[in-house]
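Shown here: model32.pdb, PDB, C-alpha atoms, pLDDT in the B column.
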ATOM      1  CA  MET A  36      14.276 -18.141-214.693  1.00 89.00           C
ATOM      2  CA  LEU A  37      16.275 -16.180-212.090  1.00 90.00           C
ATOM      3  CA  GLN A  38      13.172 -15.788-209.903  1.00 92.00           C
ATOM      4  CA  ALA A  39      12.405 -19.511-210.193  1.00 93.00           C
ATOM      5  CA  ASN A  40      16.026 -20.322-209.365  1.00 92.00           C
ATOM      6  CA  THR A  41      15.911 -18.157-206.205  1.00 92.00           C
ATOM      7  CA  ARG A  42      12.645 -19.757-205.078  1.00 94.00           C
ATOM      8  CA  ALA A  43      14.090 -23.229-205.649  1.00 93.00           C
ATOM      9  CA  LYS A  44      17.169 -22.394-203.526  1.00 93.00           C
ATOM     10  CA  LEU A  45      14.985 -21.111-200.682  1.00 95.00           C
ATOM     11  CA  ALA A  46      12.727 -24.175-200.896  1.00 94.00           C
ATOM     12  CA  ARG A  47      15.802 -26.448-200.835  1.00 94.00           C
ATOM     13  CA  GLN A  48      17.154 -24.732-197.718  1.00 95.00           C
ATOM     14  CA  ALA A  49      13.741 -24.850-195.997  1.00 94.00           C
ATOM     15  CA  ALA A  50      13.335 -28.553-196.784  1.00 93.00           C
ATOM     16  CA  LYS A  51      16.802 -29.322-195.359  1.00 94.00           C
ATOM     17  CA  ARG A  52      16.102 -27.278-192.217  1.00 93.00           C
ATOM     18  CA  GLU A  53      12.751 -29.009-191.661  1.00 92.00           C
ATOM     19  CA  GLN A  54      14.380 -32.434-192.174  1.00 92.00           C
ATOM     20  CA  ASP A  55      17.072 -31.595-189.605  1.00 91.00           C
ATOM     21  CA  LEU A  56      14.466 -30.413-187.076  1.00 91.00           C
ATOM     22  CA  PHE A  57      12.404 -33.549-187.630  1.00 89.00           C
ATOM     23  CA  GLY A  58      15.524 -35.673-187.117  1.00 90.00           C
ATOM     24  CA  GLU A  59      16.016 -34.035-183.723  1.00 89.00           C
ATOM     25  CA  GLY A  60      12.357 -34.685-182.875  1.00 87.00           C
ATOM     26  CA  LEU A  61      11.411 -31.010-182.625  1.00 88.00           C
ATOM     27  CA  ILE A  62       8.708 -30.845-185.345  1.00 88.00           C
ATOM     28  CA  ALA A  63       6.005 -33.097-186.774  1.00 90.00           C
ATOM     29  CA  GLN A  64       6.540 -35.106-189.964  1.00 90.00           C
ATOM     30  CA  ARG A  65       3.741 -33.137-191.651  1.00 91.00           C
ATOM     31  CA  ARG A  66       5.977 -30.018-191.805  1.00 91.00           C
ATOM     32  CA  VAL A  67       8.723 -32.041-193.519  1.00 91.00           C
ATOM     33  CA  GLN A  68       6.222 -33.323-196.085  1.00 92.00           C
ATOM     34  CA  GLU A  69       4.948 -29.771-196.742  1.00 93.00           C
ATOM     35  CA  ALA A  70       8.516 -28.523-197.221  1.00 93.00           C
ATOM     36  CA  GLN A  71       9.258 -31.403-199.628  1.00 94.00           C
ATOM     37  CA  ALA A  72       6.106 -30.597-201.633  1.00 95.00           C
ATOM     38  CA  ALA A  73       7.085 -26.906-201.807  1.00 94.00           C
ATOM     39  CA  LEU A  74      10.571 -27.922-202.983  1.00 94.00           C
ATOM     40  CA  GLN A  75       9.165 -30.142-205.753  1.00 95.00           C
ATOM     41  CA  GLU A  76       6.871 -27.344-206.914  1.00 96.00           C
ATOM     42  CA  ALA A  77       9.742 -24.814-206.980  1.00 95.00           C
ATOM     43  CA  GLU A  78      11.995 -27.218-208.895  1.00 95.00           C
ATOM     44  CA  ALA A  79       9.218 -27.898-211.421  1.00 96.00           C
ATOM     45  CA  THR A  80       8.835 -24.141-211.992  1.00 95.00           C
ATOM     46  CA  LEU A  81      12.610 -23.824-212.449  1.00 94.00           C
ATOM     47  CA  THR A  82      12.660 -26.716-214.937  1.00 94.00           C
ATOM     48  CA  GLN A  83       9.809 -25.111-216.880  1.00 95.00           C
ATOM     49  CA  ALA A  84      11.676 -21.780-217.060  1.00 92.00           C
ATOM     50  CA  LYS A  85      14.882 -23.487-218.232  1.00 92.00           C
ATOM     51  CA  THR A  86      12.973 -25.479-220.865  1.00 92.00           C
ATOM     52  CA  ALA A  87      11.300 -22.312-222.182  1.00 88.00           C
ATOM     53  CA  LEU A  88      14.724 -20.670-222.584  1.00 85.00           C
ATOM     54  CA  ARG A  89      16.168 -23.776-224.239  1.00 85.00           C
ATOM     55  CA  LEU A  90      13.261 -23.960-226.699  1.00 83.00           C
ATOM     56  CA  SER A  91      13.775 -20.298-227.578  1.00 75.00           C
ATOM     57  CA  GLY A  92      17.320 -21.050-228.702  1.00 74.00           C
ATOM     58  CA  MET A  93      19.499 -20.602-225.608  1.00 81.00           C
ATOM     59  CA  SER A  94      22.113 -23.294-225.001  1.00 83.00           C
ATOM     60  CA  MET A  95      22.137 -25.290-221.752  1.00 88.00           C
ATOM     61  CA  ALA A  96      25.637 -23.978-220.989  1.00 87.00           C
ATOM     62  CA  ALA A  97      24.380 -20.377-221.215  1.00 86.00           C
ATOM     63  CA  ILE A  98      21.326 -21.206-219.065  1.00 89.00           C
ATOM     64  CA  ASP A  99      23.517 -22.813-216.379  1.00 89.00           C
ATOM     65  CA  LYS A 100      25.896 -19.824-216.491  1.00 88.00           C
ATOM     66  CA  VAL A 101      23.032 -17.366-215.929  1.00 87.00           C
ATOM     67  CA  ALA A 102      21.610 -19.518-213.122  1.00 87.00           C
ATOM     68  CA  ALA A 103      25.002 -19.755-211.391  1.00 87.00           C
ATOM     69  CA  SER A 104      25.943 -16.073-211.751  1.00 87.00           C
ATOM     70  CA  GLY A 105      22.489 -14.587-211.170  1.00 83.00           C
ATOM     71  CA  ASN A 106      23.063 -12.057-213.951  1.00 84.00           C
ATOM     72  CA  PRO A 107      20.664 -12.050-216.913  1.00 80.00           C
ATOM     73  CA  GLN A 108      22.208 -12.366-220.354  1.00 74.00           C
ATOM     74  CA  ASP A 109      21.672  -9.313-222.577  1.00 74.00           C
ATOM     75  CA  SER A 110      22.134 -11.143-225.886  1.00 74.00           C
ATOM     76  CA  LEU A 111      21.205 -14.475-227.387  1.00 71.00           C
ATOM     77  CA  ILE A 112      22.782 -16.386-230.250  1.00 73.00           C
ATOM     78  CA  LEU A 113      20.113 -18.138-232.302  1.00 75.00           C
ATOM     79  CA  THR A 114      21.093 -21.351-234.035  1.00 76.00           C
ATOM     80  CA  ALA A 115      18.950 -22.806-236.807  1.00 79.00           C
ATOM     81  CA  SER A 116      18.327 -26.541-236.809  1.00 77.00           C
ATOM     82  CA  GLN A 117      19.213 -26.703-240.533  1.00 81.00           C
ATOM     83  CA  THR A 118      21.333 -24.647-242.891  1.00 84.00           C
ATOM     84  CA  GLY A 119      19.600 -21.970-244.926  1.00 83.00           C
ATOM     85  CA  VAL A 120      19.547 -18.364-246.063  1.00 84.00           C
ATOM     86  CA  VAL A 121      17.822 -15.614-244.083  1.00 88.00           C
ATOM     87  CA  THR A 122      15.153 -14.181-246.397  1.00 86.00           C
ATOM     88  CA  GLU A 123      13.343 -11.886-243.964  1.00 89.00           C
ATOM     89  CA  ILE A 124      13.958 -10.484-240.479  1.00 91.00           C
ATOM     90  CA  LYS A 125      10.651  -9.975-238.676  1.00 90.00           C
ATOM     91  CA  ALA A 126      11.815  -8.610-235.299  1.00 88.00           C
ATOM     92  CA  LYS A 127      13.075  -5.062-234.775  1.00 89.00           C
ATOM     93  CA  PRO A 128      15.853  -4.109-232.304  1.00 85.00           C
ATOM     94  CA  GLY A 129      14.405  -3.545-228.839  1.00 84.00           C
ATOM     95  CA  GLN A 130      11.055  -5.155-229.696  1.00 87.00           C
ATOM     96  CA  ARG A 131       9.511  -7.452-227.069  1.00 86.00           C
ATOM     97  CA  VAL A 132       8.446 -10.757-228.587  1.00 83.00           C
ATOM     98  CA  ASP A 133       6.435 -13.707-227.331  1.00 82.00           C
ATOM     99  CA  SER A 134       7.870 -17.209-227.422  1.00 72.00           C
ATOM    100  CA  ALA A 135       5.793 -18.136-230.509  1.00 78.00           C
ATOM    101  CA  THR A 136       6.635 -14.991-232.522  1.00 83.00           C
ATOM    102  CA  PRO A 137       8.794 -15.724-235.588  1.00 86.00           C
ATOM    103  CA  LEU A 138      11.972 -13.636-235.567  1.00 86.00           C
ATOM    104  CA  MET A 139      13.085 -14.380-239.126  1.00 88.00           C
ATOM    105  CA  HIS A 140      12.354 -16.558-242.129  1.00 88.00           C
ATOM    106  CA  LEU A 141      14.922 -19.012-243.464  1.00 88.00           C
ATOM    107  CA  ALA A 142      14.945 -20.677-246.873  1.00 84.00           C
ATOM    108  CA  GLN A 143      16.747 -23.882-247.777  1.00 82.00           C
ATOM    109  CA  THR A 144      18.068 -23.151-251.248  1.00 79.00           C
ATOM    110  CA  ASP A 145      19.435 -26.626-251.978  1.00 80.00           C
ATOM    111  CA  THR A 146      15.875 -27.911-252.590  1.00 81.00           C
ATOM    112  CA  LEU A 147      13.415 -25.521-254.212  1.00 85.00           C
ATOM    113  CA  TRP A 148       9.834 -25.906-255.395  1.00 88.00           C
ATOM    114  CA  LEU A 149       7.981 -24.054-258.132  1.00 90.00           C
ATOM    115  CA  GLU A 150       4.381 -23.019-257.639  1.00 91.00           C
ATOM    116  CA  ILE A 151       2.864 -22.897-261.125  1.00 90.00           C
ATOM    117  CA  GLN A 152      -0.477 -21.244-261.778  1.00 90.00           C
ATOM    118  CA  VAL A 153      -2.434 -23.075-264.471  1.00 88.00           C
ATOM    119  CA  PRO A 154      -5.988 -22.317-265.693  1.00 87.00           C
ATOM    120  CA  VAL A 155      -8.424 -24.767-264.143  1.00 85.00           C
ATOM    121  CA  ALA A 156      -9.648 -25.939-267.566  1.00 81.00           C
ATOM    122  CA  GLU A 157      -6.120 -27.088-268.522  1.00 80.00           C
ATOM    123  CA  SER A 158      -4.937 -28.397-265.158  1.00 78.00           C
ATOM    124  CA  ALA A 159      -5.954 -31.998-265.891  1.00 78.00           C
ATOM    125  CA  SER A 160      -3.525 -32.133-268.859  1.00 78.00           C
ATOM    126  CA  TRP A 161      -0.451 -32.454-266.626  1.00 81.00           C
ATOM    127  CA  ALA A 162      -0.356 -35.285-264.120  1.00 82.00           C
ATOM    128  CA  PRO A 163       2.182 -35.627-261.314  1.00 86.00           C
ATOM    129  CA  GLY A 164       5.449 -36.906-262.745  1.00 87.00           C
ATOM    130  CA  SER A 165       5.325 -34.659-265.846  1.00 86.00           C
ATOM    131  CA  LYS A 166       8.521 -32.762-266.620  1.00 88.00           C
ATOM    132  CA  LEU A 167       8.701 -29.066-267.454  1.00 88.00           C
ATOM    133  CA  LYS A 168      11.365 -26.502-268.362  1.00 89.00           C
ATOM    134  CA  VAL A 169      12.042 -23.015-267.048  1.00 87.00           C
ATOM    135  CA  GLN A 170      12.272 -20.489-269.892  1.00 87.00           C
ATOM    136  CA  GLY A 171      15.655 -18.811-270.272  1.00 84.00           C
ATOM    137  CA  ARG A 172      17.410 -21.199-267.881  1.00 84.00           C
ATOM    138  CA  ASP A 173      18.823 -24.680-268.156  1.00 85.00           C
ATOM    139  CA  ILE A 174      16.498 -25.916-265.407  1.00 86.00           C
ATOM    140  CA  THR A 175      13.990 -28.745-265.398  1.00 88.00           C
ATOM    141  CA  ALA A 176      11.404 -29.572-262.779  1.00 90.00           C
ATOM    142  CA  GLN A 177       9.004 -32.427-262.119  1.00 91.00           C
ATOM    143  CA  ILE A 178       5.374 -31.865-261.173  1.00 91.00           C
ATOM    144  CA  MET A 179       4.761 -33.460-257.782  1.00 91.00           C
ATOM    145  CA  SER A 180       1.221 -32.386-256.897  1.00 90.00           C
ATOM    146  CA  SER A 181      -1.738 -30.277-257.923  1.00 87.00           C
ATOM    147  CA  SER A 182      -3.854 -28.239-255.540  1.00 86.00           C
ATOM    148  CA  ALA A 183      -7.389 -29.424-254.865  1.00 83.00           C
ATOM    149  CA  MET A 184      -8.512 -25.790-254.501  1.00 86.00           C
ATOM    150  CA  VAL A 185      -9.134 -23.236-257.241  1.00 87.00           C
ATOM    151  CA  ALA A 186      -8.313 -19.563-256.623  1.00 83.00           C
ATOM    152  CA  SER A 187     -11.710 -17.867-256.751  1.00 80.00           C
ATOM    153  CA  GLY A 188     -10.436 -14.556-258.157  1.00 82.00           C
ATOM    154  CA  SER A 189      -8.299 -15.951-260.998  1.00 84.00           C
ATOM    155  CA  GLN A 190      -9.731 -19.470-261.549  1.00 86.00           C
ATOM    156  CA  MET A 191      -6.189 -20.864-261.443  1.00 89.00           C
ATOM    157  CA  VAL A 192      -4.931 -24.121-259.940  1.00 90.00           C
ATOM    158  CA  VAL A 193      -1.525 -24.175-258.254  1.00 90.00           C
ATOM    159  CA  MET A 194       0.729 -27.059-259.268  1.00 91.00           C
ATOM    160  CA  ARG A 195       3.900 -27.765-257.283  1.00 93.00           C
ATOM    161  CA  ALA A 196       7.039 -28.899-259.094  1.00 91.00           C
ATOM    162  CA  LEU A 197      10.393 -29.898-257.609  1.00 90.00           C
ATOM    163  CA  VAL A 198      13.436 -28.248-259.218  1.00 88.00           C
ATOM    164  CA  GLN A 199      15.823 -31.013-260.291  1.00 85.00           C
ATOM    165  CA  GLY A 200      19.439 -30.003-259.732  1.00 76.00           C
ATOM    166  CA  LYS A 201      20.815 -26.512-260.369  1.00 74.00           C
ATOM    167  CA  ALA A 202      18.584 -25.084-257.638  1.00 67.00           C
ATOM    168  CA  GLY A 203      21.201 -22.353-257.178  1.00 72.00           C
ATOM    169  CA  GLN A 204      20.043 -20.730-260.442  1.00 78.00           C
ATOM    170  CA  VAL A 205      16.656 -19.933-258.875  1.00 81.00           C
ATOM    171  CA  ARG A 206      15.990 -17.670-255.900  1.00 81.00           C
ATOM    172  CA  PRO A 207      13.118 -18.012-253.419  1.00 80.00           C
ATOM    173  CA  GLY A 208      10.256 -15.668-254.358  1.00 82.00           C
ATOM    174  CA  GLU A 209      11.452 -15.219-257.953  1.00 86.00           C
ATOM    175  CA  LEU A 210       8.815 -15.046-260.722  1.00 89.00           C
ATOM    176  CA  LEU A 211       9.569 -17.381-263.639  1.00 89.00           C
ATOM    177  CA  THR A 212       7.922 -18.579-266.823  1.00 89.00           C
ATOM    178  CA  VAL A 213       7.759 -22.323-267.396  1.00 89.00           C
ATOM    179  CA  GLU A 214       7.151 -24.410-270.498  1.00 86.00           C
ATOM    180  CA  LEU A 215       4.691 -27.223-269.880  1.00 81.00           C
ATOM    181  CA  PRO A 216       4.762 -30.094-272.380  1.00 76.00           C
ATOM    182  CA  ALA A 217       1.829 -30.301-274.765  1.00 69.00           C
ATOM    183  CA  ALA A 218      -0.751 -32.801-273.651  1.00 65.00           C
ATOM    184  CA  ALA A 219      -0.654 -35.919-275.836  1.00 62.00           C
ATOM    185  CA  THR A 220      -3.943 -36.614-277.610  1.00 67.00           C
ATOM    186  CA  ALA A 221      -4.832 -39.456-279.974  1.00 72.00           C
ATOM    187  CA  GLY A 222      -4.347 -38.708-283.689  1.00 77.00           C
ATOM    188  CA  ALA A 223      -2.307 -35.521-283.080  1.00 77.00           C
ATOM    189  CA  TRP A 224       1.148 -34.441-284.324  1.00 79.00           C
ATOM    190  CA  ASP A 225       3.763 -32.465-282.508  1.00 77.00           C
ATOM    191  CA  LEU A 226       4.828 -29.626-284.859  1.00 82.00           C
ATOM    192  CA  PRO A 227       7.267 -26.772-284.266  1.00 83.00           C
ATOM    193  CA  LEU A 228       5.645 -23.329-284.171  1.00 84.00           C
ATOM    194  CA  SER A 229       7.614 -22.256-287.269  1.00 89.00           C
ATOM    195  CA  ALA A 230       5.767 -24.897-289.328  1.00 89.00           C
ATOM    196  CA  VAL A 231       2.392 -23.232-288.716  1.00 86.00           C
ATOM    197  CA  ALA A 232       1.385 -20.352-291.016  1.00 86.00           C
TER     198      ALA A 232
END

Entire entry expressed as structure tokens:
Amino acid sequence: MLQANTRAKLARQAAKREQDLFGEGLIAQRRVQEAQAALQEAEATLTQAKTALRLSGMSMAAIDKVAASGNPQDSLILTASQTGVVTEIKAKPGQRVDSATPLMHLAQTDTLWLEIQVPVAESASWAPGSKLKVQGRDITAQIMSSSAMVASGSQMVVMRALVQGKAGQVRPGELLTVELPAAATAGAWDLPLSAVA
């Protein structure tokens, strides 16, 4: 960005000088047009550099400060677009990263989803909208979708359920056991397990 800023300043000065010389009738108009084209190209490069810094998390005030002072900034404050909890830091101190490299992972803990592995033979028993309970916790969830793919190694289907309230009792990445309701079939009774001998 500093290099692009320097080139833009030089192009601005050259364009002004050429315009002044043309006004005095000392040079041809073609040189003024070439200087204007060079200025537009330099300003486009500067805008691209500023946009790249802004998209990487730098504020416009910090970008303008660096451009005005000519001194690069040795630190950067990253601001997430939404609130969340840092679950993993990917970058190491001193590591060079590209603009598309993730630096950390954030999780929004106010809305959590469960990924439930169900055998493919039983996956049709629970349609979206079915409610389930998490064992050992006072948490309920509602099945929202079922994967169209089957895991080839385990022959399991992943069902996604949205945790309803009390999402703070569950942590991202935690392994849980859920109780799925028994599928209703015609002519069947719902009996407690203690009644079966």

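For the residues A:Ser134, A:Thr212, A:Asn40, A:Ser182, ranking by smallest atom-to-atom distance to A:Leu167 using all atoms listed in the file places A:Thr212 first.
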
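With distances taken over only C-alpha atoms, A:Val169 is the one residue among A:Val169, A:Ala79, A:Ala115, A:Leu56 lying closest to A:Pro216.
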
What residues come out when you apply the PyMOL selection byres ((chain A and resi 141-154) around 7) to this file, written as a PDB file with C-alpha atoms, in the frame of the given file?
ATOM      1  CA  THR A 118      21.333 -24.647-242.891  1.00 84.00           C
ATOM      2  CA  GLY A 119      19.600 -21.970-244.926  1.00 83.00           C
ATOM      3  CA  VAL A 120      19.547 -18.364-246.063  1.00 84.00           C
ATOM      4  CA  VAL A 121      17.822 -15.614-244.083  1.00 88.00           C
ATOM      5  CA  THR A 122      15.153 -14.181-246.397  1.00 86.00           C
ATOM      6  CA  MET A 139      13.085 -14.380-239.126  1.00 88.00           C
ATOM      7  CA  HIS A 140      12.354 -16.558-242.129  1.00 88.00           C
ATOM      8  CA  VAL A 155      -8.424 -24.767-264.143  1.00 85.00           C
ATOM      9  CA  ALA A 156      -9.648 -25.939-267.566  1.00 81.00           C
ATOM     10  CA  GLU A 157      -6.120 -27.088-268.522  1.00 80.00           C
ATOM     11  CA  SER A 158      -4.937 -28.397-265.158  1.00 78.00           C
ATOM     12  CA  GLN A 190      -9.731 -19.470-261.549  1.00 86.00           C
ATOM     13  CA  MET A 191      -6.189 -20.864-261.443  1.00 89.00           C
ATOM     14  CA  VAL A 192      -4.931 -24.121-259.940  1.00 90.00           C
ATOM     15  CA  VAL A 193      -1.525 -24.175-258.254  1.00 90.00           C
ATOM     16  CA  MET A 194       0.729 -27.059-259.268  1.00 91.00           C
ATOM     17  CA  ARG A 195       3.900 -27.765-257.283  1.00 93.00           C
ATOM     18  CA  ALA A 196       7.039 -28.899-259.094  1.00 91.00           C
ATOM     19  CA  LEU A 197      10.393 -29.898-257.609  1.00 90.00           C
ATOM     20  CA  VAL A 198      13.436 -28.248-259.218  1.00 88.00           C
ATOM     21  CA  ALA A 202      18.584 -25.084-257.638  1.00 67.00           C
ATOM     22  CA  GLY A 203      21.201 -22.353-257.178  1.00 72.00           C
TER      23      GLY A 203
END

Exercise for the section: Write out as a ChimeraX atom specification the residues lying within 10 Å of A:Ala73, counting all atoms listed in the file and excluding same-chain residues fewer than 2 positions away. Expected result: /A:42-43,45-47,49-50,67-71,75-79

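The interatomic distance for the pair atom CA of A:Leu226 and atom CA of A:Thr175 works out to 21.5 Å.
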
Problem - Nearest-residue call for A:Asp99, choices A:Met184, A:Met179, A:Leu81, A:Ile62, using all atoms listed in the file - result: A:Leu81

Centre and edge lengths of an axis-aligned box around all listed atoms of stretch 127-132 of chain A, with 4 Å added on each side, are to be given in Å to one decimal, as lines of an AutoDock Vina configuration file.
center_x = 12.1
center_y = -7.2
center_z = -230.9
size_x = 15.4
size_y = 15.2
size_z = 15.7

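Put simply, the PyMOL selection byres ((chain A and resi 174) around 10) on this file hits Leu167, Lys168, Val169, Gln170, Gly171, Arg172, Asp173, Thr175, Ala176, Val198, Gln199, Gly200, Lys201, Ala202, Gln204, Val205 and Val213 of chain A.
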
Limited to C-alpha atoms, could you put the picked residues into a file as a compact mmCIF listing (two decimals), keeping the file's coordinate frame?
# COMPACT_ATOMS: atom_id res chain seq x y z
CA LEU A 167 8.70 -29.07 -267.45
CA LYS A 168 11.36 -26.50 -268.36
CA VAL A 169 12.04 -23.02 -267.05
CA GLN A 170 12.27 -20.49 -269.89
CA GLY A 171 15.66 -18.81 -270.27
CA ARG A 172 17.41 -21.20 -267.88
CA ASP A 173 18.82 -24.68 -268.16
CA THR A 175 13.99 -28.74 -265.40
CA ALA A 176 11.40 -29.57 -262.78
CA VAL A 198 13.44 -28.25 -259.22
CA GLN A 199 15.82 -31.01 -260.29
CA GLY A 200 19.44 -30.00 -259.73
CA LYS A 201 20.82 -26.51 -260.37
CA ALA A 202 18.58 -25.08 -257.64
CA GLN A 204 20.04 -20.73 -260.44
CA VAL A 205 16.66 -19.93 -258.88
CA VAL A 213 7.76 -22.32 -267.40

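For the atom pair formed by atom CA of A:Thr80 and atom CA of A:Ala39, the distance is 6.1 Å, given to one decimal.
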
Mind completing stretch 224-232 of chain A with all heavy atoms? Output as a short mmCIF file (atom, residue, chain, number, x, y, z; two decimals), in the coordinates of the input, please?
data_model
loop_
_atom_site.label_atom_id
_atom_site.label_comp_id
_atom_site.auth_asym_id
_atom_site.auth_seq_id
_atom_site.Cartn_x
_atom_site.Cartn_y
_atom_site.Cartn_z
N TRP A 224 -0.28 -34.53 -284.01
CA TRP A 224 1.15 -34.44 -284.32
C TRP A 224 1.76 -33.31 -283.54
O TRP A 224 1.12 -32.29 -283.29
CB TRP A 224 1.36 -34.17 -285.83
CG TRP A 224 0.93 -35.29 -286.71
CD1 TRP A 224 1.48 -36.51 -286.82
CD2 TRP A 224 -0.18 -35.26 -287.60
NE1 TRP A 224 0.80 -37.28 -287.73
CE2 TRP A 224 -0.23 -36.52 -288.24
CE3 TRP A 224 -1.13 -34.32 -287.96
CZ2 TRP A 224 -1.18 -36.86 -289.18
CZ3 TRP A 224 -2.07 -34.63 -288.91
CH2 TRP A 224 -2.11 -35.89 -289.50
N ASP A 225 3.01 -33.49 -283.20
CA ASP A 225 3.76 -32.47 -282.51
C ASP A 225 4.56 -31.69 -283.56
O ASP A 225 5.51 -32.23 -284.13
CB ASP A 225 4.70 -33.09 -281.47
CG ASP A 225 5.35 -32.07 -280.57
OD1 ASP A 225 4.96 -30.90 -280.63
OD2 ASP A 225 6.26 -32.45 -279.80
N LEU A 226 4.17 -30.43 -283.83
CA LEU A 226 4.83 -29.63 -284.86
C LEU A 226 5.51 -28.42 -284.22
O LEU A 226 4.98 -27.86 -283.25
CB LEU A 226 3.78 -29.09 -285.87
CG LEU A 226 3.04 -30.11 -286.70
CD1 LEU A 226 1.96 -29.43 -287.53
CD2 LEU A 226 4.00 -30.87 -287.60
N PRO A 227 6.67 -28.01 -284.76
CA PRO A 227 7.27 -26.77 -284.27
C PRO A 227 6.40 -25.57 -284.67
O PRO A 227 5.67 -25.62 -285.67
CB PRO A 227 8.64 -26.72 -284.94
CG PRO A 227 8.50 -27.59 -286.14
CD PRO A 227 7.48 -28.65 -285.78
N LEU A 228 6.47 -24.50 -283.90
CA LEU A 228 5.64 -23.33 -284.17
C LEU A 228 5.97 -22.71 -285.52
O LEU A 228 5.08 -22.18 -286.20
CB LEU A 228 5.86 -22.28 -283.06
CG LEU A 228 4.92 -21.10 -283.04
CD1 LEU A 228 3.49 -21.56 -282.91
CD2 LEU A 228 5.29 -20.14 -281.92
N SER A 229 7.23 -22.84 -285.98
CA SER A 229 7.61 -22.26 -287.27
C SER A 229 6.94 -22.95 -288.44
O SER A 229 6.89 -22.41 -289.56
CB SER A 229 9.15 -22.30 -287.43
OG SER A 229 9.57 -23.64 -287.33
N ALA A 230 6.41 -24.17 -288.24
CA ALA A 230 5.77 -24.90 -289.33
C ALA A 230 4.31 -24.47 -289.54
O ALA A 230 3.69 -24.87 -290.50
CB ALA A 230 5.81 -26.40 -289.04
N VAL A 231 3.82 -23.65 -288.61
CA VAL A 231 2.39 -23.23 -288.72
C VAL A 231 2.34 -21.85 -289.31
O VAL A 231 3.05 -20.93 -288.87
CB VAL A 231 1.73 -23.25 -287.31
CG1 VAL A 231 0.27 -22.81 -287.43
CG2 VAL A 231 1.84 -24.63 -286.70
N ALA A 232 1.52 -21.67 -290.38
CA ALA A 232 1.38 -20.35 -291.02
C ALA A 232 -0.11 -19.98 -291.02
O ALA A 232 -0.98 -20.85 -291.17
CB ALA A 232 1.92 -20.42 -292.44
#
